[in-house]
$ cat query-v8.txt   # compact mmCIF, C-alpha atoms
# COMPACT_ATOMS: atom_id res chain seq x y z
CA MET A 1029 -9.13 -29.23 -0.84
CA ALA A 1030 -8.39 -25.81 0.69
CA SER A 1031 -5.84 -25.66 3.49
CA LYS A 1032 -6.76 -24.60 7.02
CA GLU A 1033 -4.77 -21.41 6.50
CA ALA A 1034 -6.67 -20.54 3.33
CA SER A 1035 -9.96 -21.23 5.08
CA ARG A 1036 -8.96 -18.99 7.97
CA THR A 1037 -8.00 -16.00 5.86
CA SER A 1038 -10.82 -16.38 3.37
CA PRO A 1039 -13.86 -17.62 5.34
CA ARG A 1040 -16.19 -17.91 2.39
CA SER A 1041 -15.40 -20.04 -0.63
CA ARG A 1042 -13.58 -17.42 -2.70
CA ARG A 1043 -10.60 -19.35 -4.03
CA GLU A 1044 -9.61 -18.61 -7.61
CA PRO A 1045 -10.34 -21.32 -10.20
CA GLU A 1046 -7.27 -23.41 -11.04
CA GLY A 1047 -5.06 -21.72 -13.59
CA ARG A 1048 -6.95 -18.42 -13.55
CA THR A 1049 -4.80 -15.38 -14.29
CA ALA A 1050 -5.37 -11.64 -14.53
CA ARG A 1051 -5.65 -12.04 -18.31
CA GLN A 1052 -8.71 -14.26 -17.87
CA ASP A 1053 -10.36 -11.86 -15.45
CA LYS A 1054 -12.21 -8.70 -16.39
CA TYR A 1055 -11.89 -5.44 -14.52
CA SER A 1056 -14.73 -2.90 -14.48
CA VAL A 1057 -13.67 0.64 -13.53
CA LEU A 1058 -16.43 2.72 -11.97
CA LEU A 1059 -15.89 6.45 -12.55
CA PRO A 1060 -18.50 8.65 -10.83
CA THR A 1061 -18.24 12.17 -12.27
CA TYR A 1062 -19.56 15.62 -11.47
CA ASN A 1063 -18.06 18.58 -13.31
CA GLU A 1064 -15.01 16.72 -14.62
CA ARG A 1065 -15.06 17.95 -18.22
CA GLU A 1066 -11.32 18.78 -18.28
CA ASN A 1067 -10.15 15.73 -16.34
CA LEU A 1068 -12.25 12.97 -17.92
CA PRO A 1069 -10.43 12.69 -21.30
CA LEU A 1070 -7.07 12.52 -19.52
CA ILE A 1071 -8.02 9.89 -16.95
CA VAL A 1072 -9.70 7.74 -19.61
CA TRP A 1073 -6.64 7.96 -21.87
CA LEU A 1074 -4.36 6.95 -18.98
CA LEU A 1075 -6.65 4.06 -18.06
CA VAL A 1076 -6.83 2.75 -21.61
CA LYS A 1077 -3.04 3.06 -21.96
CA SER A 1078 -2.36 1.22 -18.69
CA PHE A 1079 -4.79 -1.62 -19.39
CA SER A 1080 -3.70 -2.03 -23.02
CA GLU A 1081 0.02 -2.13 -22.17
CA SER A 1082 -0.64 -4.68 -19.41
CA GLY A 1083 -2.88 -6.88 -21.57
CA ILE A 1084 -5.71 -6.63 -19.03
CA ASN A 1085 -9.36 -7.09 -20.04
CA TYR A 1086 -11.32 -4.02 -18.94
CA GLU A 1087 -14.27 -1.69 -19.28
CA ILE A 1088 -14.73 1.85 -17.96
CA ILE A 1089 -18.18 2.80 -16.71
CA ILE A 1090 -18.77 6.55 -16.41
CA ILE A 1091 -21.58 7.50 -14.01
CA ASP A 1092 -22.20 11.20 -14.54
CA ASP A 1093 -24.59 12.84 -12.12
CA GLY A 1094 -26.04 15.58 -14.31
CA SER A 1095 -22.88 17.71 -14.49
CA PRO A 1096 -23.76 21.25 -15.67
CA ASP A 1097 -20.28 21.73 -17.23
CA GLY A 1098 -20.83 19.32 -20.12
CA THR A 1099 -19.05 16.27 -18.70
CA ARG A 1100 -21.72 14.04 -20.23
CA ASP A 1101 -21.02 15.43 -23.73
CA VAL A 1102 -17.33 14.65 -23.28
CA ALA A 1103 -18.16 11.12 -22.10
CA GLU A 1104 -20.31 10.56 -25.20
CA GLN A 1105 -17.36 11.55 -27.41
CA LEU A 1106 -15.04 9.21 -25.51
CA GLU A 1107 -17.53 6.40 -26.01
CA LYS A 1108 -17.33 6.98 -29.78
CA ILE A 1109 -13.53 7.22 -29.79
CA TYR A 1110 -12.74 4.10 -27.76
CA GLY A 1111 -15.85 2.06 -28.52
CA SER A 1112 -18.96 1.33 -26.48
CA ASP A 1113 -17.53 -2.04 -25.43
CA LYS A 1114 -14.76 -0.27 -23.50
CA ILE A 1115 -16.37 3.02 -22.47
CA LEU A 1116 -19.90 2.79 -21.11
CA LEU A 1117 -21.71 6.02 -20.25
CA ARG A 1118 -24.44 5.33 -17.70
CA PRO A 1119 -25.58 8.81 -16.54
CA ARG A 1120 -28.04 9.87 -13.87
CA GLU A 1121 -30.12 13.03 -13.76
CA LYS A 1122 -28.62 14.53 -10.58
CA LYS A 1123 -26.23 13.96 -7.67
CA LEU A 1124 -27.56 11.06 -5.61
CA GLY A 1125 -24.54 10.06 -3.52
CA LEU A 1126 -21.40 8.02 -4.04
CA GLY A 1127 -22.83 4.74 -2.75
CA THR A 1128 -25.77 4.85 -5.13
CA ALA A 1129 -23.41 5.75 -7.98
CA TYR A 1130 -21.50 2.51 -7.35
CA ILE A 1131 -24.74 0.53 -7.19
CA HIS A 1132 -25.83 2.08 -10.49
CA GLY A 1133 -22.48 1.33 -12.09
CA MET A 1134 -22.38 -2.27 -10.88
CA LYS A 1135 -25.71 -2.99 -12.55
CA HIS A 1136 -23.92 -2.49 -15.86
CA ALA A 1137 -20.55 -4.01 -14.94
CA THR A 1138 -19.62 -7.27 -16.64
CA GLY A 1139 -16.26 -7.71 -14.89
CA ASN A 1140 -15.67 -10.05 -11.97
CA TYR A 1141 -13.53 -7.37 -10.33
CA ILE A 1142 -14.48 -3.75 -9.69
CA ILE A 1143 -12.04 -0.85 -9.47
CA ILE A 1144 -13.20 2.39 -7.90
CA MET A 1145 -11.23 5.59 -8.27
CA ASP A 1146 -11.63 9.35 -8.64
CA ALA A 1147 -11.95 10.91 -12.08
CA ASP A 1148 -10.02 14.07 -11.15
CA LEU A 1149 -6.50 12.64 -11.80
CA SER A 1150 -5.80 12.29 -8.06
CA HIS A 1151 -5.38 8.53 -8.64
CA HIS A 1152 -2.94 7.44 -11.34
CA PRO A 1153 -3.93 4.31 -13.29
CA LYS A 1154 -0.28 3.16 -13.26
CA PHE A 1155 -0.97 1.65 -9.83
CA ILE A 1156 -3.76 -0.62 -11.10
CA PRO A 1157 -1.44 -3.42 -12.32
CA GLU A 1158 0.14 -3.35 -8.85
CA PHE A 1159 -3.33 -3.70 -7.28
CA ILE A 1160 -3.99 -6.72 -9.50
CA ARG A 1161 -0.64 -8.35 -8.68
CA LYS A 1162 -1.25 -7.79 -4.96
CA GLN A 1163 -4.72 -9.33 -5.17
CA LYS A 1164 -3.41 -12.41 -6.96
CA GLU A 1165 -0.48 -12.86 -4.57
CA GLY A 1166 -2.66 -12.88 -1.45
CA ASN A 1167 -6.04 -13.89 -2.93
CA PHE A 1168 -7.42 -10.76 -1.27
CA ASP A 1169 -11.07 -9.72 -1.36
CA ILE A 1170 -10.09 -6.04 -1.40
CA VAL A 1171 -6.91 -4.19 -2.35
CA SER A 1172 -6.79 -0.61 -1.12
CA GLY A 1173 -4.44 2.16 -2.17
CA THR A 1174 -2.76 3.74 0.85
CA ARG A 1175 -1.19 7.17 1.21
CA TYR A 1176 0.07 6.41 4.69
CA LYS A 1177 2.25 3.33 4.30
CA GLY A 1178 5.55 2.50 2.58
CA ASN A 1179 6.38 5.02 -0.13
CA GLY A 1180 2.82 6.32 -0.37
CA GLY A 1181 2.22 10.04 -0.07
CA VAL A 1182 0.13 13.12 -0.80
CA TYR A 1183 1.18 15.91 -3.15
CA GLY A 1184 -0.37 19.33 -3.75
CA TRP A 1185 -2.31 19.69 -0.50
CA ASP A 1186 -1.84 22.64 1.84
CA LEU A 1187 -1.07 22.06 5.51
CA LYS A 1188 -4.71 22.40 6.59
CA ARG A 1189 -5.88 19.67 4.19
CA LYS A 1190 -3.06 17.35 5.28
CA ILE A 1191 -3.91 17.86 8.94
CA ILE A 1192 -7.60 17.14 8.30
CA SER A 1193 -6.81 13.93 6.42
CA ARG A 1194 -4.18 12.70 8.86
CA GLY A 1195 -6.34 13.63 11.83
CA ALA A 1196 -9.39 11.84 10.42
CA ASN A 1197 -7.34 8.75 9.73
CA PHE A 1198 -5.69 8.78 13.17
CA ILE A 1199 -8.97 9.19 15.07
CA THR A 1200 -10.53 6.40 13.02
CA GLN A 1201 -7.60 4.07 13.71
CA VAL A 1202 -7.86 4.70 17.46
CA LEU A 1203 -11.63 4.27 17.69
CA LEU A 1204 -12.31 1.52 15.15
CA ARG A 1205 -9.01 -0.43 14.67
CA PRO A 1206 -10.01 -1.33 11.12
CA GLY A 1207 -6.90 -3.25 10.05
CA ALA A 1208 -6.04 -0.91 7.16
CA SER A 1209 -3.80 2.16 7.12
CA ASP A 1210 -5.84 4.49 4.87
CA LEU A 1211 -9.53 4.61 5.67
CA THR A 1212 -10.66 7.66 3.71
CA GLY A 1213 -8.99 6.81 0.40
CA SER A 1214 -11.15 5.96 -2.61
CA PHE A 1215 -8.78 4.04 -4.89
CA ARG A 1216 -9.57 0.34 -4.44
CA LEU A 1217 -10.05 -3.00 -6.15
CA TYR A 1218 -12.87 -5.30 -5.01
CA ARG A 1219 -14.19 -8.68 -5.94
CA LYS A 1220 -17.53 -7.75 -7.45
CA GLU A 1221 -19.59 -9.88 -5.06
CA VAL A 1222 -17.70 -8.41 -2.09
CA LEU A 1223 -18.41 -4.83 -3.14
CA GLN A 1224 -22.08 -5.69 -3.63
CA LYS A 1225 -22.30 -7.14 -0.12
CA LEU A 1226 -20.50 -4.19 1.47
CA ILE A 1227 -22.70 -1.62 -0.22
CA GLU A 1228 -25.76 -3.48 1.05
CA LYS A 1229 -24.39 -3.12 4.59
CA CYS A 1230 -23.26 0.49 4.38
CA VAL A 1231 -25.52 3.34 5.41
CA SER A 1232 -23.14 6.31 5.14
CA LYS A 1233 -22.90 8.85 2.36
CA GLY A 1234 -20.24 11.35 1.32
CA TYR A 1235 -16.75 11.47 2.84
CA VAL A 1236 -17.40 8.79 5.49
CA PHE A 1237 -18.64 6.20 2.98
CA GLN A 1238 -15.18 4.88 2.08
CA MET A 1239 -14.29 4.48 5.74
CA GLU A 1240 -17.42 2.50 6.49
CA MET A 1241 -16.66 0.15 3.59
CA ILE A 1242 -13.40 -0.94 5.26
CA VAL A 1243 -14.99 -1.21 8.71
CA ARG A 1244 -17.79 -3.40 7.35
CA ALA A 1245 -15.23 -5.49 5.46
CA ARG A 1246 -13.48 -6.21 8.75
CA GLN A 1247 -16.80 -7.18 10.35
CA LEU A 1248 -17.49 -9.64 7.54
CA ASN A 1249 -13.95 -11.07 7.73
CA TYR A 1250 -13.02 -10.04 4.20
CA THR A 1251 -9.29 -9.93 3.55
CA ILE A 1252 -7.62 -6.61 2.67
CA GLY A 1253 -4.29 -6.01 0.93
CA GLU A 1254 -2.67 -2.58 0.58
CA VAL A 1255 -0.56 -0.92 -2.13
CA PRO A 1256 1.24 2.38 -1.42
CA ILE A 1257 0.10 5.09 -3.85
CA SER A 1258 0.91 8.70 -4.63
CA PHE A 1259 -2.15 10.91 -4.29
CA VAL A 1260 -1.98 14.15 -6.30
CA ASP A 1261 -4.40 17.02 -5.72
CA ARG A 1262 -6.66 17.85 -8.66
CA VAL A 1263 -5.30 20.13 -11.37
CA TYR A 1264 -8.63 21.16 -12.89
CA GLY A 1265 -11.85 21.94 -11.07
CA GLU A 1266 -12.62 22.46 -7.42
CA SER A 1267 -12.35 20.03 -4.52
CA LYS A 1268 -15.69 18.66 -3.35
CA LEU A 1269 -14.51 18.40 0.27
CA GLY A 1270 -16.00 21.18 2.38
CA GLY A 1271 -17.15 21.96 5.89
CA ASN A 1272 -20.35 19.94 5.55
CA GLU A 1273 -18.36 16.84 4.55
CA ILE A 1274 -16.10 17.19 7.59
CA VAL A 1275 -19.08 17.46 9.95
CA SER A 1276 -20.67 14.48 8.22
CA PHE A 1277 -17.45 12.50 8.66
CA LEU A 1278 -17.36 13.15 12.41
CA LYS A 1279 -21.01 12.17 12.81
CA GLY A 1280 -20.47 9.03 10.75
CA LEU A 1281 -17.38 8.10 12.75
CA LEU A 1282 -19.27 8.33 16.03
CA THR A 1283 -22.12 6.28 14.57
CA LEU A 1284 -19.73 3.54 13.47
CA PHE A 1285 -17.99 3.58 16.86
CA ALA A 1286 -21.34 3.12 18.59
CA THR A 1287 -22.57 0.36 16.29
CA THR A 1288 -19.46 -1.76 15.56
$ encode --input "query-v8.txt" --output "structure tokens"
Amino acid sequence: MASKEASRTSPRSRREPEGRTARQDKYSVLLPTYNERENLPLIVWLLVKSFSESGINYEIIIIDDGSPDGTRDVAEQLEKIYGSDKILLRPREKKLGLGTAYIHGMKHATGNYIIIMDADLSHHPKFIPEFIRKQKEGNFDIVSGTRYKGNGGVYGWDLKRKIISRGANFITQVLLRPGASDLTGSFRLYRKEVLQKLIEKCVSKGYVFQMEMIVRARQLNYTIGEVPISFVDRVYGESKLGGNEIVSFLKGLLTLFATT
């Protein structure tokens, strides 16, 4: 029978089966892509290397949104190289938003855990085994990579970008008190059923989407663990964060403040 403490920290019945280990679990990585032709082979190679060395059961689901640079062609080649059981290309015809990309990817995911991350090499797969260890240690529903705690950090950004990110995170902490140190990051591990529930609740798109996921998780009493990560600015391609995303973030933040 579960202890009172376990019931308090994990309100729904989400205890791991007796004897279950990371080797018995399966981890589905969702990789939304748009114009990531140069980065995709590198991130896939790093993911395969990390999972293989750790003995972790995995699959990588590439959701390409009609990239005009030939990202889909590269993904098809990767599928042939690594096998369609490990690399699953599930493209869409055009950009339809990050939230819908995750929904699309989850329809094809066979893992009981979902990992979301960027395909532009900003997130290094070497942290994934740490995410998994953290999740097992605390039986967390979500494990989030944080740039703003412990030895986490950001590399390659100019001062303006750092100020925007820090400012967005600070304002969010003050207004929403979400119980996590990095609200706008997009490197996370979720129980599959938890991610499905959160996406059903979320209404935001773009830059604010990741923030709303954590806020909704707090509302639903899901437990969140954090792992410090190093975030490195993209080497190839252009950042997709622009003025419109910043305005959207501020609007989304005010909406969440008014409705949570």
$ closest_residue --input "query-v8.txt" --among "A:Ile1199, A:Val1076, A:Val1255, A:Leu1117" --to "A:Asp1092" --atoms "only C-alpha atoms"
A:Leu1117
$ residues_around --input "query-v8.txt" --residues "A:Tyr1141" --least-positions-apart "2" --cutoff "7 Å" --atoms "all atoms listed in the file" --output "list of chain:residue names"
A:Lys1054, A:Tyr1055, A:Ser1056, A:Gly1139, A:Ile1143, A:Leu1217, A:Tyr1218, A:Arg1219, A:Lys1220
$ residues_around --input "query-v8.txt" --residues "A:Leu1070" --least-positions-apart "6" --cutoff "12 Å" --atoms "all atoms listed in the file" --output "ChimeraX atom specification"
/A:1064,1076-1077,1102-1103,1106,1147-1153,1263-1264
$ atom_distance --input "query-v8.txt" --atom1 "atom CA of A:Tyr1110" --atom2 "atom CA of A:Glu1158"
24.1 Å
$ residues_near_point --input "query-v8.txt" --point "(-25.4, 4.4, -6.8)" --cutoff "12 Å" --atoms "all atoms listed in the file" --output "PyMOL selection string"
chain A and resi 1058-1061+1090-1093+1118-1120+1122-1136+1224+1227-1228+1233-1234
$ atom_distance --input "query-v8.txt" --atom1 "atom CA of A:Leu1226" --atom2 "atom CA of A:Leu1248"
8.7 Å
$ atom_distance --input "query-v8.txt" --atom1 "atom CA of A:Pro1096" --atom2 "atom CA of A:Ser1193"
28.8 Å
$ residues_near_point --input "query-v8.txt" --point "(-9.4, -11.3, -2.0)" --cutoff "9 Å" --atoms "all atoms listed in the file" --output "list in words"
Ser1038, Arg1042, Arg1043, Gln1163, Lys1164, Gly1166, Asn1167, Phe1168, Asp1169, Ile1170, Val1171, Tyr1218, Arg1219, Val1222, Tyr1250, Thr1251, Ile1252 and Gly1253 of chain A
$ axis_aligned_box --input "query-v8.txt" --around "stretch 1084-1101 of chain A" --padding-each-side "5 Å" --output "JSON"
{"center_x": -15.9, "center_y": 7.3, "center_z": -17.9, "size_x": 30.3, "size_y": 38.8, "size_z": 21.6}
$ closest_residue --input "query-v8.txt" --among "A:Ser1112, A:Ser1214, A:Ser1258, A:Thr1200" --to "A:Ile1144" --atoms "all atoms listed in the file"
A:Ser1214
$ closest_residue --input "query-v8.txt" --among "A:Ala1137, A:Met1241, A:Leu1068, A:Cys1230" --to "A:Asp1097" --atoms "all atoms listed in the file"
A:Leu1068
